[in-house]
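entry21.csv (CSV, C-alpha atoms and all ligand atoms) appears below.
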chain,number,residue,atom,x,y,z
T,198,MET,CA,89.3,84.1,95.9
T,199,THR,CA,92.0,81.6,95.3
T,200,GLU,CA,95.0,80.5,97.3
T,201,ALA,CA,98.0,82.4,95.8
T,202,HIS,CA,100.5,80.1,94.3
T,203,LEU,CA,104.1,80.4,95.5
T,204,PRO,CA,105.9,82.3,92.7
T,205,ALA,CA,108.2,80.2,90.4
T,206,LYS,CA,111.0,82.8,90.5
T,207,ARG,CA,113.4,83.2,93.4
T,208,PRO,CA,113.2,86.6,95.2
T,209,SER,CA,116.6,87.7,93.8
T,210,GLU,CA,115.0,87.4,90.3
T,211,THR,CA,111.7,89.0,91.3
T,212,LEU,CA,111.2,92.8,90.7
T,213,VAL,CA,108.9,94.4,93.2
T,214,THR,CA,107.9,98.0,92.5
T,215,ILE,CA,106.6,99.9,95.5
T,216,PHE,CA,104.6,103.1,94.9
T,217,GLY,CA,104.8,105.3,98.0
T,218,GLY,CA,107.8,103.2,99.3
T,219,SER,CA,109.5,106.2,100.9
T,220,GLY,CA,106.6,106.8,103.4
T,221,PHE,CA,106.1,105.6,106.9
T,222,LEU,CA,104.8,102.1,106.1
T,223,GLY,CA,106.9,102.1,102.9
T,224,ARG,CA,110.2,101.9,104.6
T,225,HIS,CA,109.1,98.9,106.7
T,226,VAL,CA,107.8,97.1,103.5
T,227,VAL,CA,111.1,97.9,101.8
T,228,ARG,CA,113.1,96.6,104.8
T,229,ALA,CA,111.1,93.3,105.0
T,230,LEU,CA,111.5,92.7,101.2
T,231,ALA,CA,115.2,93.6,101.2
T,232,LYS,CA,115.8,91.0,103.9
T,233,ARG,CA,114.1,88.4,101.7
T,234,ASP,CA,116.4,89.3,98.8
T,235,TYR,CA,113.8,90.8,96.4
T,236,ARG,CA,114.9,93.3,93.8
T,237,ILE,CA,113.2,96.5,94.8
T,238,ARG,CA,112.2,99.5,92.7
T,239,VAL,CA,110.8,102.4,94.8
T,240,ALA,CA,108.6,104.7,92.7
T,241,VAL,CA,108.5,108.1,94.4
T,242,ARG,CA,107.9,111.8,93.5
T,243,ARG,CA,111.3,112.8,94.7
T,244,PRO,CA,113.9,110.0,94.3
T,245,ASP,CA,116.6,112.4,95.7
T,246,LEU,CA,114.7,112.3,99.0
T,247,ALA,CA,114.5,108.5,99.2
T,248,GLY,CA,118.2,108.0,100.2
T,249,HIS,CA,117.1,106.7,103.6
T,250,LEU,CA,116.0,103.5,102.0
T,251,GLN,CA,119.4,102.6,100.6
T,252,PRO,CA,120.9,101.2,103.8
T,253,LEU,CA,117.9,98.8,104.1
T,254,GLY,CA,119.3,96.6,101.3
T,255,LYS,CA,122.5,95.5,99.7
T,256,VAL,CA,124.4,97.7,97.2
T,257,GLY,CA,122.2,98.0,94.1
T,258,GLN,CA,119.3,96.1,95.6
T,259,ILE,CA,117.0,99.1,96.0
T,260,HIS,CA,116.6,101.5,93.2
T,261,ALA,CA,114.5,104.7,93.3
T,262,VAL,CA,112.7,106.0,90.2
T,263,GLN,CA,110.5,109.1,89.7
T,264,ALA,CA,106.7,108.6,89.5
T,265,ASN,CA,103.7,110.6,90.4
T,266,VAL,CA,100.3,108.9,90.5
T,267,ARG,CA,98.7,112.0,89.1
T,268,TYR,CA,100.7,111.4,85.8
T,269,PRO,CA,99.8,107.9,84.5
T,270,GLU,CA,102.7,107.8,82.0
T,271,SER,CA,105.2,108.1,84.9
T,272,ILE,CA,103.4,105.2,86.6
T,273,ALA,CA,103.4,103.0,83.5
T,274,ALA,CA,107.1,103.6,83.1
T,275,ALA,CA,107.8,102.8,86.7
T,276,ALA,CA,105.8,99.6,86.7
T,277,ARG,CA,107.4,98.2,83.5
T,278,ASP,CA,108.9,94.7,83.8
T,279,SER,CA,107.7,94.4,87.4
T,280,ASP,CA,106.6,91.0,88.8
T,281,ILE,CA,104.7,92.5,91.7
T,282,VAL,CA,103.4,96.0,92.3
T,283,ILE,CA,102.6,97.4,95.7
T,284,ASN,CA,100.6,100.6,96.0
T,285,LEU,CA,101.0,102.5,99.3
T,286,VAL,CA,100.3,106.0,98.0
T,287,ALA,CA,97.8,108.1,99.9
T,288,VAL,CA,97.2,111.5,101.4
T,289,LEU,CA,95.5,111.9,104.8
T,290,THR,CA,94.4,115.5,104.0
T,291,GLU,CA,93.9,117.2,100.7
T,292,SER,CA,96.1,120.1,99.5
T,293,GLY,CA,96.3,121.7,96.1
T,294,ALA,CA,96.4,119.2,93.3
T,295,GLN,CA,96.8,116.4,95.9
T,296,THR,CA,93.1,115.7,96.2
T,297,PHE,CA,91.6,112.4,97.4
T,298,ASP,CA,90.1,111.9,94.0
T,299,ALA,CA,93.4,112.5,92.2
T,300,VAL,CA,95.6,110.4,94.5
T,301,GLN,CA,93.4,107.8,96.1
T,302,ASP,CA,90.9,107.2,93.3
T,303,LYS,CA,92.4,108.0,89.9
T,304,GLY,CA,95.9,107.4,91.2
T,305,SER,CA,95.0,103.9,92.4
T,306,ALA,CA,93.4,103.2,89.0
T,307,ALA,CA,96.6,104.4,87.2
T,308,VAL,CA,98.8,102.1,89.4
T,309,ALA,CA,96.5,99.1,88.9
T,310,GLU,CA,96.3,99.7,85.1
T,311,ALA,CA,100.1,99.8,85.0
T,312,ALA,CA,100.4,96.6,87.0
T,313,LYS,CA,98.0,94.9,84.6
T,314,ALA,CA,100.0,96.2,81.6
T,315,ALA,CA,103.1,94.8,83.1
T,316,GLY,CA,101.4,91.4,83.9
T,317,ALA,CA,102.3,92.0,87.6
T,318,ARG,CA,100.5,90.8,90.7
T,319,LEU,CA,99.1,93.8,92.8
T,320,VAL,CA,99.0,94.4,96.5
T,321,HIS,CA,96.9,97.5,97.1
T,322,VAL,CA,97.0,99.1,100.5
T,323,SER,CA,93.8,100.7,101.7
T,324,ALA,CA,92.5,101.3,105.3
T,325,ILE,CA,90.0,99.7,107.7
T,326,GLY,CA,87.0,101.9,107.4
T,327,ALA,CA,87.1,102.2,103.6
T,328,ASP,CA,83.5,102.6,102.7
T,329,ALA,CA,81.8,104.2,99.6
T,330,GLN,CA,79.0,105.4,101.9
T,331,SER,CA,81.2,106.8,104.7
T,332,ALA,CA,80.6,110.3,106.0
T,333,CYS,CA,84.4,110.7,105.9
T,334,ALA,CA,85.8,111.7,102.5
T,335,TYR,CA,89.1,109.9,103.1
T,336,PHE,CA,87.3,106.6,103.7
T,337,ARG,CA,85.1,107.1,100.6
T,338,ALA,CA,88.3,107.7,98.6
T,339,LYS,CA,89.9,104.6,100.0
T,340,ALA,CA,86.8,102.6,98.9
T,341,ALA,CA,87.1,104.1,95.4
T,342,GLY,CA,90.8,103.2,95.3
T,343,GLU,CA,90.0,99.5,96.2
T,344,ALA,CA,87.3,99.4,93.6
T,345,ALA,CA,89.6,100.9,91.0
T,346,ALA,CA,92.4,98.4,91.9
T,347,ARG,CA,90.0,95.4,91.6
T,348,ALA,CA,88.5,96.7,88.4
T,349,ALA,CA,91.9,96.5,86.7
T,350,VAL,CA,93.3,93.5,88.6
T,351,PRO,CA,90.5,91.3,90.0
T,352,ASP,CA,93.1,89.1,91.8
T,353,ALA,CA,94.6,92.1,93.6
T,354,ILE,CA,95.1,91.6,97.3
T,355,VAL,CA,93.8,94.5,99.3
T,356,VAL,CA,95.3,95.3,102.7
T,357,ARG,CA,93.4,97.4,105.2
T,358,PRO,CA,95.4,98.4,108.3
T,359,SER,CA,94.0,100.0,111.4
T,360,LEU,CA,95.9,103.0,112.8
T,361,LEU,CA,99.7,102.3,112.5
T,362,PHE,CA,102.2,103.1,115.2
T,363,GLY,CA,106.0,103.1,115.1
T,364,GLN,CA,109.1,105.3,115.6
T,365,GLU,CA,108.3,107.6,112.6
T,366,ASP,CA,104.5,107.7,113.0
T,367,ASP,CA,102.4,110.9,113.0
T,368,PHE,CA,100.1,109.5,115.7
T,369,THR,CA,101.8,108.6,119.0
T,370,ASN,CA,104.6,111.2,118.3
T,371,ARG,CA,102.1,114.0,117.5
T,372,PHE,CA,100.2,113.4,120.7
T,373,ALA,CA,103.3,113.1,122.8
T,374,ALA,CA,104.6,116.4,121.3
T,375,LEU,CA,101.3,118.1,122.2
T,376,ALA,CA,101.5,116.7,125.7
T,377,ARG,CA,104.9,118.2,126.1
T,378,ALA,CA,103.6,121.7,125.3
T,379,LEU,CA,100.0,121.8,126.6
T,380,PRO,CA,98.7,121.3,130.2
T,381,VAL,CA,95.2,120.3,129.0
T,382,LEU,CA,94.8,118.1,125.9
T,383,PRO,CA,91.5,118.2,123.9
T,384,VAL,CA,90.6,114.7,122.7
T,385,VAL,CA,88.4,114.2,119.7
T,386,GLY,CA,86.7,110.8,119.5
T,387,ALA,CA,87.7,109.8,123.1
T,388,ASP,CA,85.4,106.8,123.1
T,389,THR,CA,86.1,105.7,119.5
T,390,ARG,CA,87.7,102.3,119.4
T,391,VAL,CA,90.9,101.6,117.5
T,392,GLN,CA,93.2,98.6,117.2
T,393,PRO,CA,96.7,100.1,116.7
T,394,ALA,CA,99.0,97.9,114.7
T,395,PHE,CA,102.8,98.1,114.8
T,396,VAL,CA,104.1,99.3,111.4
T,397,GLY,CA,106.8,96.6,111.4
T,398,ASP,CA,104.2,93.8,111.7
T,399,VAL,CA,102.3,95.2,108.7
T,400,GLY,CA,105.4,95.6,106.7
T,401,LEU,CA,106.3,92.0,107.4
T,402,ALA,CA,102.7,90.8,106.5
T,403,ILE,CA,102.9,92.6,103.2
T,404,ALA,CA,106.2,90.9,102.5
T,405,GLN,CA,104.5,87.6,103.2
T,406,LEU,CA,101.8,88.4,100.7
T,407,VAL,CA,104.5,89.2,98.1
T,408,ASP,CA,106.0,85.8,98.9
T,409,GLY,CA,102.7,84.3,97.7
T,410,ARG,CA,101.4,83.2,101.2
T,411,GLY,CA,98.1,85.1,100.9
T,412,THR,CA,94.9,84.5,99.1
T,413,SER,CA,94.5,86.2,95.7
T,414,GLY,CA,91.6,88.6,95.5
T,415,ALA,CA,91.2,88.7,99.3
T,416,THR,CA,90.9,91.7,101.6
T,417,TYR,CA,93.2,91.4,104.6
T,418,GLU,CA,92.5,93.6,107.7
T,419,PHE,CA,95.4,94.2,110.0
T,420,GLY,CA,95.1,95.3,113.6
T,421,GLY,CA,97.2,95.0,116.8
T,422,PRO,CA,96.6,92.7,119.8
T,423,GLU,CA,94.3,95.2,121.6
T,424,VAL,CA,91.2,97.1,121.0
T,425,LEU,CA,91.4,100.4,122.8
T,426,THR,CA,89.5,103.7,123.0
T,427,ILE,CA,91.4,106.7,121.8
T,428,ARG,CA,91.3,108.0,125.4
T,429,GLN,CA,93.0,104.8,126.6
T,430,VAL,CA,95.7,105.2,123.9
T,431,PHE,CA,96.3,108.8,125.0
T,432,GLU,CA,96.5,107.7,128.7
T,433,MET,CA,99.1,105.1,127.8
T,434,ILE,CA,101.2,107.7,125.9
T,435,LEU,CA,101.0,110.0,128.9
T,436,LYS,CA,102.2,107.1,131.1
T,437,PHE,CA,105.1,106.3,128.8
T,438,THR,CA,106.2,109.9,128.5
T,439,GLU,CA,105.7,110.5,132.3
T,440,ARG,CA,103.4,113.5,131.7
T,441,ASP,CA,100.7,114.4,134.1
T,442,ARG,CA,98.1,116.1,131.8
T,443,THR,CA,94.3,116.5,131.8
T,444,LEU,CA,92.5,114.9,128.9
T,445,LEU,CA,89.5,117.0,127.8
T,446,PRO,CA,87.1,115.0,125.6
T,447,LEU,CA,85.5,117.3,123.0
T,448,PRO,CA,82.0,116.8,121.6
T,449,PHE,CA,82.1,116.1,117.8
T,450,GLY,CA,80.1,119.3,117.0
T,451,LEU,CA,82.6,121.5,118.9
T,452,ALA,CA,85.6,119.6,117.4
T,453,LYS,CA,84.2,120.2,113.9
T,454,LEU,CA,83.9,123.9,114.6
T,455,LYS,CA,87.4,124.0,115.9
T,456,ALA,CA,88.6,122.1,112.8
T,457,LEU,CA,87.2,124.8,110.5
T,458,PHE,CA,90.1,126.9,111.9
T,459,LEU,CA,92.7,124.2,112.7
T,460,GLN,CA,92.7,122.9,109.2
T,461,PHE,CA,95.0,125.8,108.4
T,462,ALA,CA,97.2,125.3,111.4
T,463,PRO,CA,100.8,124.0,111.0
T,464,GLY,CA,102.3,120.7,112.2
T,465,ALA,CA,100.9,118.9,115.2
T,466,LEU,CA,98.0,121.3,115.7
T,467,LYS,CA,96.4,120.7,112.2
T,468,LEU,CA,93.0,119.0,112.3
T,469,THR,CA,90.6,119.0,109.4
T,470,PRO,CA,86.8,118.6,109.5
T,471,ASP,CA,87.2,115.3,107.6
T,472,GLN,CA,89.6,114.0,110.3
T,473,VAL,CA,86.9,114.7,112.9
T,474,GLU,CA,84.5,112.6,110.8
T,475,MET,CA,87.2,109.9,110.7
T,476,LEU,CA,87.5,110.0,114.5
T,477,ARG,CA,83.8,109.2,114.9
T,478,ILE,CA,84.2,105.8,113.3
T,479,ASP,CA,85.5,102.7,115.1
T,480,ASN,CA,88.6,101.3,113.4
T,481,VAL,CA,88.8,97.7,114.4
T,482,VAL,CA,89.3,94.4,112.6
T,483,PRO,CA,85.9,93.0,111.7
T,484,ASP,CA,84.9,89.5,113.0
T,485,ALA,CA,84.5,88.2,109.4
T,486,ALA,CA,88.2,88.9,108.6
T,487,LYS,CA,89.2,87.0,111.9
T,488,THR,CA,87.0,84.0,111.0
T,489,ALA,CA,88.5,83.9,107.5
T,490,GLY,CA,92.0,84.2,108.8
T,491,LEU,CA,92.6,87.4,106.8
T,492,THR,CA,94.5,89.0,109.6
T,493,LEU,CA,98.1,89.3,110.9
T,494,GLU,CA,97.5,86.3,113.1
T,495,GLY,CA,96.1,84.4,110.0
T,496,LEU,CA,99.5,85.0,108.4
T,497,GLY,CA,101.3,83.6,111.5
T,498,ILE,CA,102.3,87.0,112.9
T,499,VAL,CA,101.9,87.7,116.6
T,500,PRO,CA,101.2,91.4,116.6
T,501,GLU,CA,103.2,93.7,118.9
T,502,SER,CA,101.4,95.9,121.4
T,503,LEU,CA,101.7,99.7,122.0
T,504,GLU,CA,103.0,98.9,125.4
T,505,ALA,CA,105.8,96.7,124.0
T,506,ILE,CA,107.0,99.2,121.3
T,507,THR,CA,106.2,102.8,122.0
T,508,PRO,CA,108.4,103.3,125.2
T,509,SER,CA,111.4,102.4,122.9
T,510,TYR,CA,110.9,105.7,121.0
T,511,LEU,CA,108.6,107.9,123.1
T,512,TRP,CA,111.3,108.3,125.8
T,513,ARG,CA,112.4,111.4,124.0
T,514,PHE,CA,109.3,113.2,125.1
T,515,ARG,CA,110.0,112.6,128.8
T,516,LYS,CA,111.4,115.4,130.8
T,517,THR,CA,114.4,113.3,131.7
T,518,GLY,CA,114.9,111.6,128.3
T,519,GLN,CA,116.2,108.0,128.2
T,520,PHE,CA,118.8,108.3,130.9
T,521,ARG,CA,116.9,108.8,134.1
T,522,SER,CA,113.2,108.2,134.7
T,523,SER,CA,111.5,110.6,137.0
T,524,ALA,CA,110.0,107.6,138.7
T,525,ALA,CA,113.5,106.2,139.6
M,1,LIG,N1,99.6,105.5,108.8
M,1,LIG,C1,98.5,104.9,109.2
M,1,LIG,O1,98.1,104.9,110.3
M,1,LIG,C2,97.7,104.2,108.1
M,1,LIG,C3,96.5,103.5,108.6
M,1,LIG,C4,95.7,102.8,107.7
M,1,LIG,C5,96.1,102.8,106.3
M,1,LIG,N2,97.2,103.4,105.9
M,1,LIG,C6,97.5,103.4,104.5
M,1,LIG,O2,98.9,102.9,104.3
M,1,LIG,C7,99.4,103.5,103.2
M,1,LIG,C8,100.8,104.1,103.5
M,1,LIG,O3,100.5,105.1,104.5
M,1,LIG,P1,101.7,105.9,105.3
M,1,LIG,O4,101.3,106.1,106.7
M,1,LIG,O5,103.0,105.2,105.0
M,1,LIG,O6,101.6,107.3,104.5
M,1,LIG,P2,102.8,108.3,104.1
M,1,LIG,O7,104.0,108.2,105.1
M,1,LIG,O8,102.2,109.6,104.0
M,1,LIG,O9,103.3,107.7,102.7
M,1,LIG,C9,102.5,108.0,101.6
M,1,LIG,C10,103.4,107.9,100.4
M,1,LIG,O10,102.7,108.3,99.2
M,1,LIG,C11,103.5,109.1,98.4
M,1,LIG,N3,102.7,110.0,97.6
M,1,LIG,C12,101.9,111.0,98.0
M,1,LIG,N4,101.3,111.6,96.9
M,1,LIG,C13,101.9,111.0,95.8
M,1,LIG,C14,101.8,111.1,94.4
M,1,LIG,N5,101.0,112.1,93.9
M,1,LIG,N6,102.5,110.3,93.6
M,1,LIG,C15,103.3,109.4,94.1
M,1,LIG,N7,103.5,109.2,95.4
M,1,LIG,C16,102.8,110.0,96.3
M,1,LIG,C17,104.4,109.9,99.5
M,1,LIG,O11,105.5,110.3,98.8
M,1,LIG,P3,105.9,111.9,98.8
M,1,LIG,O12,107.2,111.9,99.7
M,1,LIG,O13,106.2,112.1,97.4
M,1,LIG,O14,104.8,112.7,99.3
M,1,LIG,C18,104.7,108.8,100.5
M,1,LIG,O15,105.8,108.0,100.0
M,1,LIG,C19,98.4,104.5,102.6
M,1,LIG,O16,97.7,103.9,101.7
M,1,LIG,C20,97.5,104.8,103.9
M,1,LIG,O17,96.2,105.1,103.5
M,1,LIG,C21,98.0,104.1,106.8
Would you write out, as structure tokens, the structure that this file holds?
Amino acid sequence: MTEAHLPAKRPSETLVTIFGGSGFLGRHVVRALAKRDYRIRVAVRRPDLAGHLQPLGKVGQIHAVQANVRYPESIAAAARDSDIVINLVAVLTESGAQTFDAVQDKGSAAVAEAAKAAGARLVHVSAIGADAQSACAYFRAKAAGEAAARAAVPDAIVVRPSLLFGQEDDFTNRFAALARALPVLPVVGADTRVQPAFVGDVGLAIAQLVDGRGTSGATYEFGGPEVLTIRQVFEMILKFTERDRTLLPLPFGLAKLKALFLQFAPGALKLTPDQVEMLRIDNVVPDAAKTAGLTLEGLGIVPESLEAITPSYLWRFRKTGQFRSSAA
């Protein structure tokens, strides 16, 4: 691992290509890079659906192109002439051709090979918990993706976030939506520990890595200011949404049985057996990363807490909305 050198080019002359830039974390990375004046190419499967990114930059600063990590030629074309490539592509659950192997493993290899061919630096986004030996297929695929990225670009910076929260997340919003509808809420992994990170902080941190402030070849692990159990997170969400609900912790065996059916459910009810495996595993920043300064704090970022951010968007799940609190 070596200290990254600050790039010779100015941001306005530096082309950053972001695969998966239209997603939840993607828009925050795009926003942070746009503010710094980078030229941004967003490589997505449906550029026509990436219009929400345009207002984040100046006219002409953000350009969307078509690319699918399952088609390496499209990836090579999208990465051409890039100075820096960021890979944010992933799927949380498999569906059709969108398998973990195709997207997270082979797809990461295709992005890394394309970065190498372009002579670009690579920031590869993985997840805390990535482990080739994990019982969770998602985490095994994330480990395979990291290995593929490093095989092609040994100096790649790997970023592993914990659970992310923010206005467009599928975590606090999903639970708040369920709490609105159900009087009793089953909780899988009630005692599993997580370190939720604000998506805006992680977007900013990735922009700093693009600036060249990180260590080449290092693995950064990003978590928020608090380690909480999933039960504590859900209790906080109930408090912010002013819902009086009963939490019902489910044993993993029962949750896995339920997931056999719920994997076919739509929307917020969907739960796959692999997600149950994921919820067994603590998701916190390891001490080694803290000691080495490979964290948000190590990059000089003071991470925001759930308590500071989530009330600003979860109000819409309150009975009284934003105008009048039931406690008032
Ligand atoms: N959210 C979290 O809590 C969390 C926690 C830890 C790590 N991470 C990691 O952070 C990264 C971003 O996650 P996210 O939450 O922003 O996920 P997301 O909102 O689902 O975004 C994923 C992106 O990948 C794109 N994508 C999916 N399949 C593709 C394919 N075959 N070819 C090209 N693009 C494809 C999606 O575009 P389409 O619109 O085309 O589907 C989307 O832009 C991922 O690597 C994830 O594993 C997330």
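In this model, the gap between atom CA of T:Ser219 and atom CA of T:Arg236 comes to 15.7 Å.
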- Do you know which residues are at most 7 Å from stretch 499-512 of chain T counting all atoms listed in the file, after dropping those on the same chain fewer than 4 positions away, and could you put them as a PyMOL selection string? chain T and resi 363-364+395+398+421-422+437-438+493-494+518-519
- Task: Return as a PyMOL selection string every polymer residue, whether protein, DNA or RNA, with at least one atom no more than 8 Å from an atom of ligand LIG 1 (chain M); count all atoms listed in the file.
- Result: chain T and resi 216-224+240-243+246+264-267+284-289+295+299-300+304+321-325+339+357-362+366-368
Go ahead and write the selection's residues with C-alpha atoms as a compact mmCIF listing (two decimals), in the coordinates of the input.
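Now in again_25.txt:
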# COMPACT_ATOMS: atom_id res chain seq x y z
CA PHE T 216 104.60 103.10 94.90
CA GLY T 217 104.80 105.30 98.00
CA GLY T 218 107.80 103.20 99.30
CA SER T 219 109.50 106.20 100.90
CA GLY T 220 106.60 106.80 103.40
CA PHE T 221 106.10 105.60 106.90
CA LEU T 222 104.80 102.10 106.10
CA GLY T 223 106.90 102.10 102.90
CA ARG T 224 110.20 101.90 104.60
CA ALA T 240 108.60 104.70 92.70
CA VAL T 241 108.50 108.10 94.40
CA ARG T 242 107.90 111.80 93.50
CA ARG T 243 111.30 112.80 94.70
CA LEU T 246 114.70 112.30 99.00
CA ALA T 264 106.70 108.60 89.50
CA ASN T 265 103.70 110.60 90.40
CA VAL T 266 100.30 108.90 90.50
CA ARG T 267 98.70 112.00 89.10
CA ASN T 284 100.60 100.60 96.00
CA LEU T 285 101.00 102.50 99.30
CA VAL T 286 100.30 106.00 98.00
CA ALA T 287 97.80 108.10 99.90
CA VAL T 288 97.20 111.50 101.40
CA LEU T 289 95.50 111.90 104.80
CA GLN T 295 96.80 116.40 95.90
CA ALA T 299 93.40 112.50 92.20
CA VAL T 300 95.60 110.40 94.50
CA GLY T 304 95.90 107.40 91.20
CA HIS T 321 96.90 97.50 97.10
CA VAL T 322 97.00 99.10 100.50
CA SER T 323 93.80 100.70 101.70
CA ALA T 324 92.50 101.30 105.30
CA ILE T 325 90.00 99.70 107.70
CA LYS T 339 89.90 104.60 100.00
CA ARG T 357 93.40 97.40 105.20
CA PRO T 358 95.40 98.40 108.30
CA SER T 359 94.00 100.00 111.40
CA LEU T 360 95.90 103.00 112.80
CA LEU T 361 99.70 102.30 112.50
CA PHE T 362 102.20 103.10 115.20
CA ASP T 366 104.50 107.70 113.00
CA ASP T 367 102.40 110.90 113.00
CA PHE T 368 100.10 109.50 115.70
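Ranking T:Ser413, T:Thr443, T:Thr211, T:Gln472 by their shortest atom-to-atom distance to T:Leu457, with all atoms listed in the file included, puts T:Gln472 first.
With all atoms listed in the file taken into account, the protein and nucleic acid residues at most 10 Å from stretch 328-336 of chain T (excluding it and anything under 6 positions from it in its own chain) are Ala287, Val288, Leu289, Thr290, Glu291, Thr296, Phe297, Asp298, Gln301, Gly342, Glu343, Ala344, Pro470, Asp471, Gln472, Val473, Glu474, Met475, Leu476, Arg477 and Ile478 of chain T.
Relative to atom CA of T:Phe372, atom CA of T:Phe431 is found at 7.4 Å.
Distance check against T:Val262 using all atoms listed in the file: of T:Thr214, T:Ser305, T:Thr492, T:Gln429, the minimum falls on T:Thr214.
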- Message: So that I can check the surroundings of T:Leu212, please list as a count of residues only every protein, DNA and RNA residue that reaches within 9 Å of it, counting all atoms listed in the file and ignoring chain neighbours fewer than 3 positions away.
- Response: 11
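Checking T:Glu423, T:Glu210, T:Glu418, T:Glu270 one by one against T:Ile354, counting all atoms listed in the file, you find the shortest gap at T:Glu418.
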Please produce, as CSV, a per-residue contact table for stretch 356-468 of chain T versus stretch 226-230 of chain T (criterion: any atom at most 12 Å away, all atoms listed in the file considered), showing the nearest atom pair and its distance in Å to one decimal, sorted by chain then residue number.
residue,atom,partner,partner_atom,distance
T:Val396,CA,T:Val226,CA,9.0
T:Gly397,CA,T:Val226,CA,8.0
T:Asp398,CA,T:Val226,CA,9.5
T:Val399,CA,T:Val226,CA,7.8
T:Gly400,CA,T:Val226,CA,4.3
T:Leu401,CA,T:Ala229,CA,5.5
T:Ala402,CA,T:Val226,CA,8.6
T:Ile403,CA,T:Val226,CA,6.7
T:Ala404,CA,T:Leu230,CA,5.7
T:Gln405,CA,T:Leu230,CA,8.9
T:Leu406,CA,T:Leu230,CA,10.6
T:Val407,CA,T:Leu230,CA,8.4
T:Asp408,CA,T:Leu230,CA,9.1
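Each of T:Ala309, T:Ala231, T:Pro252, T:Val320 was compared to T:Pro269 using all atoms listed in the file, and T:Ala309 turns out to be the nearest.
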Could N, CA and C atoms be built for stretch 235-251 of chain T and written out as a PDB file, keeping the file's coordinate frame?
ATOM      1  N   TYR T 235     114.533  90.349  97.651  1.00  0.00           N
ATOM      2  CA  TYR T 235     113.800  90.800  96.400  1.00  0.00           C
ATOM      3  C   TYR T 235     114.614  91.938  95.770  1.00  0.00           C
ATOM      4  N   ARG T 236     114.416  92.096  94.454  1.00  0.00           N
ATOM      5  CA  ARG T 236     114.900  93.300  93.800  1.00  0.00           C
ATOM      6  C   ARG T 236     113.791  94.349  93.956  1.00  0.00           C
ATOM      7  N   ILE T 237     114.179  95.522  94.401  1.00  0.00           N
ATOM      8  CA  ILE T 237     113.200  96.500  94.800  1.00  0.00           C
ATOM      9  C   ILE T 237     113.312  97.804  94.033  1.00  0.00           C
ATOM     10  N   ARG T 238     112.203  98.200  93.412  1.00  0.00           N
ATOM     11  CA  ARG T 238     112.200  99.500  92.700  1.00  0.00           C
ATOM     12  C   ARG T 238     111.171 100.367  93.552  1.00  0.00           C
ATOM     13  N   VAL T 239     111.648 101.496  94.012  1.00  0.00           N
ATOM     14  CA  VAL T 239     110.800 102.400  94.800  1.00  0.00           C
ATOM     15  C   VAL T 239     110.387 103.550  93.909  1.00  0.00           C
ATOM     16  N   ALA T 240     109.089 103.679  93.641  1.00  0.00           N
ATOM     17  CA  ALA T 240     108.600 104.700  92.700  1.00  0.00           C
ATOM     18  C   ALA T 240     108.087 105.884  93.587  1.00  0.00           C
ATOM     19  N   VAL T 241     108.775 107.012  93.508  1.00  0.00           N
ATOM     20  CA  VAL T 241     108.500 108.100  94.400  1.00  0.00           C
ATOM     21  C   VAL T 241     108.498 109.465  93.608  1.00  0.00           C
ATOM     22  N   ARG T 242     107.871 110.482  94.188  1.00  0.00           N
ATOM     23  CA  ARG T 242     107.900 111.800  93.500  1.00  0.00           C
ATOM     24  C   ARG T 242     109.250 112.402  93.478  1.00  0.00           C
ATOM     25  N   ARG T 243     110.018 112.185  94.571  1.00  0.00           N
ATOM     26  CA  ARG T 243     111.300 112.800  94.700  1.00  0.00           C
ATOM     27  C   ARG T 243     112.383 111.728  95.024  1.00  0.00           C
ATOM     28  N   PRO T 244     112.922 111.042  94.004  1.00  0.00           N
ATOM     29  CA  PRO T 244     113.900 110.000  94.300  1.00  0.00           C
ATOM     30  C   PRO T 244     115.099 110.510  95.097  1.00  0.00           C
ATOM     31  N   ASP T 245     115.413 111.798  94.922  1.00  0.00           N
ATOM     32  CA  ASP T 245     116.600 112.400  95.700  1.00  0.00           C
ATOM     33  C   ASP T 245     116.298 112.403  97.161  1.00  0.00           C
ATOM     34  N   LEU T 246     115.016 112.286  97.552  1.00  0.00           N
ATOM     35  CA  LEU T 246     114.700 112.300  99.000  1.00  0.00           C
ATOM     36  C   LEU T 246     114.459 110.883  99.539  1.00  0.00           C
ATOM     37  N   ALA T 247     114.788 109.877  98.732  1.00  0.00           N
ATOM     38  CA  ALA T 247     114.500 108.500  99.200  1.00  0.00           C
ATOM     39  C   ALA T 247     115.839 107.802  99.595  1.00  0.00           C
ATOM     40  N   GLY T 248     116.879 108.599  99.853  1.00  0.00           N
ATOM     41  CA  GLY T 248     118.200 108.000 100.200  1.00  0.00           C
ATOM     42  C   GLY T 248     118.140 107.204 101.491  1.00  0.00           C
ATOM     43  N   HIS T 249     117.164 107.490 102.378  1.00  0.00           N
ATOM     44  CA  HIS T 249     117.100 106.700 103.600  1.00  0.00           C
ATOM     45  C   HIS T 249     116.785 105.268 103.438  1.00  0.00           C
ATOM     46  N   LEU T 250     116.340 104.906 102.212  1.00  0.00           N
ATOM     47  CA  LEU T 250     116.000 103.500 102.000  1.00  0.00           C
ATOM     48  C   LEU T 250     117.237 102.666 101.604  1.00  0.00           C
ATOM     49  N   GLN T 251     118.254 103.319 101.076  1.00  0.00           N
ATOM     50  CA  GLN T 251     119.400 102.600 100.600  1.00  0.00           C
ATOM     51  C   GLN T 251     120.059 101.646 101.605  1.00  0.00           C
TER      52      GLN T 251
END
